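The structure file model_36.cif is reproduced below (mmCIF, C-alpha atoms).
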data_final
loop_
_atom_site.label_atom_id
_atom_site.label_comp_id
_atom_site.auth_asym_id
_atom_site.auth_seq_id
_atom_site.Cartn_x
_atom_site.Cartn_y
_atom_site.Cartn_z
CA MET Q 1 77.03 76.08 151.80
CA ALA Q 2 76.53 74.86 148.26
CA ARG Q 3 74.57 77.08 145.91
CA TYR Q 4 72.48 76.28 142.86
CA TRP Q 5 72.58 77.73 139.38
CA LEU Q 6 71.11 77.44 135.91
CA MET Q 7 73.42 77.63 132.90
CA LYS Q 8 72.10 78.10 129.38
CA SER Q 9 73.70 76.81 126.23
CA GLU Q 10 72.47 76.46 122.68
CA PRO Q 11 72.49 72.71 122.01
CA PHE Q 12 73.75 73.13 118.44
CA LYS Q 13 76.84 74.94 119.84
CA TYR Q 14 77.42 73.00 123.07
CA GLY Q 15 74.74 70.68 124.39
CA TRP Q 16 74.36 68.23 127.24
CA ASP Q 17 75.67 65.37 125.08
CA ASP Q 18 78.82 67.40 124.30
CA LEU Q 19 79.50 67.88 128.02
CA VAL Q 20 78.94 64.18 128.70
CA ALA Q 21 81.30 63.24 125.84
CA GLU Q 22 84.01 65.60 127.14
CA GLY Q 23 83.63 64.61 130.78
CA GLU Q 24 84.48 68.16 131.84
CA GLY Q 25 83.85 71.40 129.97
CA THR Q 26 84.75 75.05 130.36
CA TRP Q 27 81.79 77.42 130.69
CA ASP Q 28 83.11 80.45 128.88
CA GLY Q 29 82.08 83.13 126.40
CA VAL Q 30 79.66 84.84 128.80
CA ARG Q 31 79.48 88.58 128.13
CA ASN Q 32 76.82 89.81 130.53
CA TYR Q 33 77.82 91.45 133.81
CA ARG Q 34 75.23 89.77 136.02
CA ALA Q 35 76.00 86.37 134.48
CA ARG Q 36 79.73 87.07 134.98
CA ASN Q 37 79.10 87.88 138.64
CA ASN Q 38 77.18 84.62 139.01
CA LEU Q 39 80.07 82.69 137.46
CA ALA Q 40 82.51 84.46 139.80
CA ALA Q 41 80.33 83.53 142.82
CA MET Q 42 80.36 79.81 142.00
CA GLU Q 43 82.35 77.41 144.14
CA VAL Q 44 83.57 73.88 143.56
CA GLY Q 45 80.73 71.48 144.40
CA ASP Q 46 77.92 73.88 143.51
CA GLN Q 47 75.37 72.30 141.19
CA ALA Q 48 73.75 73.78 138.11
CA PHE Q 49 70.91 72.89 135.83
CA PHE Q 50 72.01 72.54 132.20
CA TYR Q 51 69.43 74.36 130.09
CA HIS Q 52 69.13 74.06 126.31
CA SER Q 53 68.32 77.51 124.97
CA ARG Q 54 66.93 78.44 121.55
CA GLU Q 55 66.29 74.78 120.65
CA GLY Q 56 64.36 72.75 123.21
CA LEU Q 57 63.98 75.48 125.83
CA GLU Q 58 64.30 72.95 128.62
CA ILE Q 59 66.44 71.85 131.53
CA VAL Q 60 68.01 68.55 130.49
CA GLY Q 61 70.59 67.74 133.15
CA ILE Q 62 72.54 68.62 136.26
CA CYS Q 63 76.22 69.50 136.22
CA GLU Q 64 78.64 70.27 139.03
CA ILE Q 65 81.20 73.04 139.27
CA SER Q 66 84.58 71.27 139.20
CA VAL Q 67 86.90 74.30 138.93
CA ALA Q 68 85.86 77.78 140.03
CA GLY Q 69 87.34 81.26 139.80
CA ILE Q 70 89.09 81.05 136.46
CA THR Q 71 89.47 83.75 133.84
CA ASP Q 72 87.59 83.14 130.62
CA PRO Q 73 90.12 81.70 128.16
CA THR Q 74 88.22 83.34 125.25
CA ASP Q 75 88.76 86.82 126.74
CA PRO Q 76 92.09 88.38 125.72
CA GLU Q 77 91.62 91.22 128.25
CA GLY Q 78 91.02 88.89 131.22
CA LYS Q 79 87.87 90.70 132.47
CA TRP Q 80 85.39 87.84 132.17
CA ALA Q 81 84.89 84.83 134.42
CA ALA Q 82 84.56 81.14 133.62
CA VAL Q 83 84.23 77.83 135.45
CA LYS Q 84 84.70 74.18 134.60
CA VAL Q 85 81.76 71.81 134.95
CA LYS Q 86 81.27 68.05 134.97
CA PRO Q 87 78.03 66.26 134.09
CA ARG Q 88 76.25 64.65 137.04
CA THR Q 89 72.78 63.48 135.99
CA LYS Q 90 70.59 63.58 132.93
CA LEU Q 91 67.05 64.44 134.02
CA PRO Q 92 64.59 61.56 133.58
CA ASN Q 93 62.03 64.12 132.36
CA PRO Q 94 63.35 67.38 130.90
CA VAL Q 95 61.61 70.42 132.39
CA THR Q 96 60.48 72.91 129.78
CA LEU Q 97 60.38 76.68 130.07
CA LYS Q 98 56.64 76.45 129.47
CA GLN Q 99 56.26 74.14 132.51
CA ILE Q 100 58.41 76.43 134.64
CA LYS Q 101 56.39 79.51 133.68
CA ALA Q 102 53.16 77.63 134.46
CA GLU Q 103 54.34 76.75 137.99
CA PRO Q 104 53.28 79.59 140.35
CA ARG Q 105 55.98 78.67 142.89
CA LEU Q 106 58.62 79.54 140.25
CA ALA Q 107 57.25 82.99 139.35
CA ASP Q 108 60.24 84.73 140.96
CA CYS Q 109 62.84 82.40 139.42
CA GLU Q 110 65.60 84.31 137.57
CA LEU Q 111 64.94 82.12 134.52
CA VAL Q 112 61.43 83.59 134.38
CA ARG Q 113 62.16 87.16 135.53
CA LEU Q 114 65.44 87.66 133.64
CA SER Q 115 64.84 85.52 130.59
CA ARG Q 116 67.93 86.69 128.69
CA LEU Q 117 70.32 85.90 131.56
CA SER Q 118 72.58 83.00 130.52
CA VAL Q 119 73.81 82.10 134.03
CA ALA Q 120 71.17 82.45 136.75
CA GLU Q 121 71.05 81.70 140.45
CA ILE Q 122 68.44 79.18 141.59
CA THR Q 123 67.22 79.17 145.19
CA PRO Q 124 67.20 75.89 147.14
CA GLU Q 125 63.38 75.95 147.07
CA GLU Q 126 63.31 76.47 143.28
CA TRP Q 127 65.90 73.69 142.89
CA SER Q 128 63.67 71.26 144.81
CA ILE Q 129 60.56 72.21 142.83
CA ILE Q 130 62.34 71.72 139.49
CA LEU Q 131 63.75 68.36 140.63
CA GLU Q 132 60.23 67.31 141.59
CA MET Q 133 58.98 68.37 138.13
CA ALA Q 134 61.78 66.33 136.55
CA GLY Q 135 60.76 63.19 138.44
CA ILE Q 136 63.68 63.17 140.89
#
When written as structure tokens, how does the structure in this file appear?
Amino acid sequence: MARYWLMKSEPFKYGWDDLVAEGEGTWDGVRNYRARNNLAAMEVGDQAFFYHSREGLEIVGICEISVAGITDPTDPEGKWAAVKVKPRTKLPNPVTLKQIKAEPRLADCELVRLSRLSVAEITPEEWSIILEMAGI
């Protein structure tokens, strides 16, 4: 069964437009154990929200896991996980962190509860609510 995720990136380092231009990108450089475990749990076909952190603070698109279970190429010791992702859809209406925090049905969302987590799991219910907020 496909799972859902949220992946954060600073747009000035690697934003949605960069992923679209590349066609497929490697999600690497994650150095948090819970985020690493989330990356390791991903499977090909899982979908993830692409979230702009620091600047924007909003979900801007949906990407799909295209290659799972790889070792982070930026890790010389081989302890950290990575995946490859492909862009799927730019959201018609980006969903801001402020909107997410104001939605009571998303109070338990990892994005809200674990705000520093760069790769978070999203439940199917949360996924549907956020899509609704985005106009999909």
Suppose you want the space between CA of Glu110 in chain Q and CA of Tyr51 in chain Q; what is it in Å? 13.0 Å
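Across the structure, CA of Gly69 in chain Q and CA of Val83 in chain Q are spaced 6.4 Å apart.
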Residues near Val30 in chain Q, cut-off 12 Å, all atoms listed in the file, skip fewer than 3 positions along chain, as an MDAnalysis selection string: chainID Q and resid 7:9 26:27 33:40 71:75 79:83 116:120
Using only C-alpha atoms, please write the residues we just selected to a file, as a compact mmCIF listing (two decimals), in the coordinates of the input.
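Resulting contents of out-v6.txt:
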# COMPACT_ATOMS: atom_id res chain seq x y z
CA MET Q 7 73.42 77.63 132.90
CA LYS Q 8 72.10 78.10 129.38
CA SER Q 9 73.70 76.81 126.23
CA THR Q 26 84.75 75.05 130.36
CA TRP Q 27 81.79 77.42 130.69
CA TYR Q 33 77.82 91.45 133.81
CA ARG Q 34 75.23 89.77 136.02
CA ALA Q 35 76.00 86.37 134.48
CA ARG Q 36 79.73 87.07 134.98
CA ASN Q 37 79.10 87.88 138.64
CA ASN Q 38 77.18 84.62 139.01
CA LEU Q 39 80.07 82.69 137.46
CA ALA Q 40 82.51 84.46 139.80
CA THR Q 71 89.47 83.75 133.84
CA ASP Q 72 87.59 83.14 130.62
CA PRO Q 73 90.12 81.70 128.16
CA THR Q 74 88.22 83.34 125.25
CA ASP Q 75 88.76 86.82 126.74
CA LYS Q 79 87.87 90.70 132.47
CA TRP Q 80 85.39 87.84 132.17
CA ALA Q 81 84.89 84.83 134.42
CA ALA Q 82 84.56 81.14 133.62
CA VAL Q 83 84.23 77.83 135.45
CA ARG Q 116 67.93 86.69 128.69
CA LEU Q 117 70.32 85.90 131.56
CA SER Q 118 72.58 83.00 130.52
CA VAL Q 119 73.81 82.10 134.03
CA ALA Q 120 71.17 82.45 136.75
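As for CA of Lys86 in chain Q and CA of Ile70 in chain Q, they are spaced 15.2 Å apart.
Shell of Phe50 in chain Q at 7 Å, with all atoms listed in the file counted and residues fewer than 5 places along the chain excluded, is Leu6, Met7, Lys8, Trp16, Ile59, Val60, Gly61, Ile62 and Cys63 of chain Q.
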Evaluate the PyMOL selection byres ((chain Q and resi 1) around 12) here and jot the selected residues down as a CSV table (one decimal) with C-alpha atoms, in the coordinates of the input.
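Listing of result07.csv after writing:
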chain,number,residue,atom,x,y,z
Q,2,ALA,CA,76.5,74.9,148.3
Q,3,ARG,CA,74.6,77.1,145.9
Q,4,TYR,CA,72.5,76.3,142.9
Q,42,MET,CA,80.4,79.8,142.0
Q,43,GLU,CA,82.4,77.4,144.1
Q,44,VAL,CA,83.6,73.9,143.6
Q,45,GLY,CA,80.7,71.5,144.4
Q,46,ASP,CA,77.9,73.9,143.5
Q,47,GLN,CA,75.4,72.3,141.2
Q,124,PRO,CA,67.2,75.9,147.1
Can you pull out every residue within 10 Å of Leu106 in chain Q, counting all atoms listed in the file, but drop anything in the same chain fewer than 3 positions away, and send it as number ranges by chain? Q: 99-103, 109-113, 122-123, 125-127, 129-130
Export, as a PDB file, in the coordinates of the input, the selected residues with C-alpha atoms.
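Dumped to out-v8.pdb:
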ATOM      1  CA  GLN Q  99      56.260  74.140 132.510  1.00  0.00           C
ATOM      2  CA  ILE Q 100      58.410  76.430 134.640  1.00  0.00           C
ATOM      3  CA  LYS Q 101      56.390  79.510 133.680  1.00  0.00           C
ATOM      4  CA  ALA Q 102      53.160  77.630 134.460  1.00  0.00           C
ATOM      5  CA  GLU Q 103      54.340  76.750 137.990  1.00  0.00           C
ATOM      6  CA  CYS Q 109      62.840  82.400 139.420  1.00  0.00           C
ATOM      7  CA  GLU Q 110      65.600  84.310 137.570  1.00  0.00           C
ATOM      8  CA  LEU Q 111      64.940  82.120 134.520  1.00  0.00           C
ATOM      9  CA  VAL Q 112      61.430  83.590 134.380  1.00  0.00           C
ATOM     10  CA  ARG Q 113      62.160  87.160 135.530  1.00  0.00           C
ATOM     11  CA  ILE Q 122      68.440  79.180 141.590  1.00  0.00           C
ATOM     12  CA  THR Q 123      67.220  79.170 145.190  1.00  0.00           C
ATOM     13  CA  GLU Q 125      63.380  75.950 147.070  1.00  0.00           C
ATOM     14  CA  GLU Q 126      63.310  76.470 143.280  1.00  0.00           C
ATOM     15  CA  TRP Q 127      65.900  73.690 142.890  1.00  0.00           C
ATOM     16  CA  ILE Q 129      60.560  72.210 142.830  1.00  0.00           C
ATOM     17  CA  ILE Q 130      62.340  71.720 139.490  1.00  0.00           C
TER      18      ILE Q 130
END
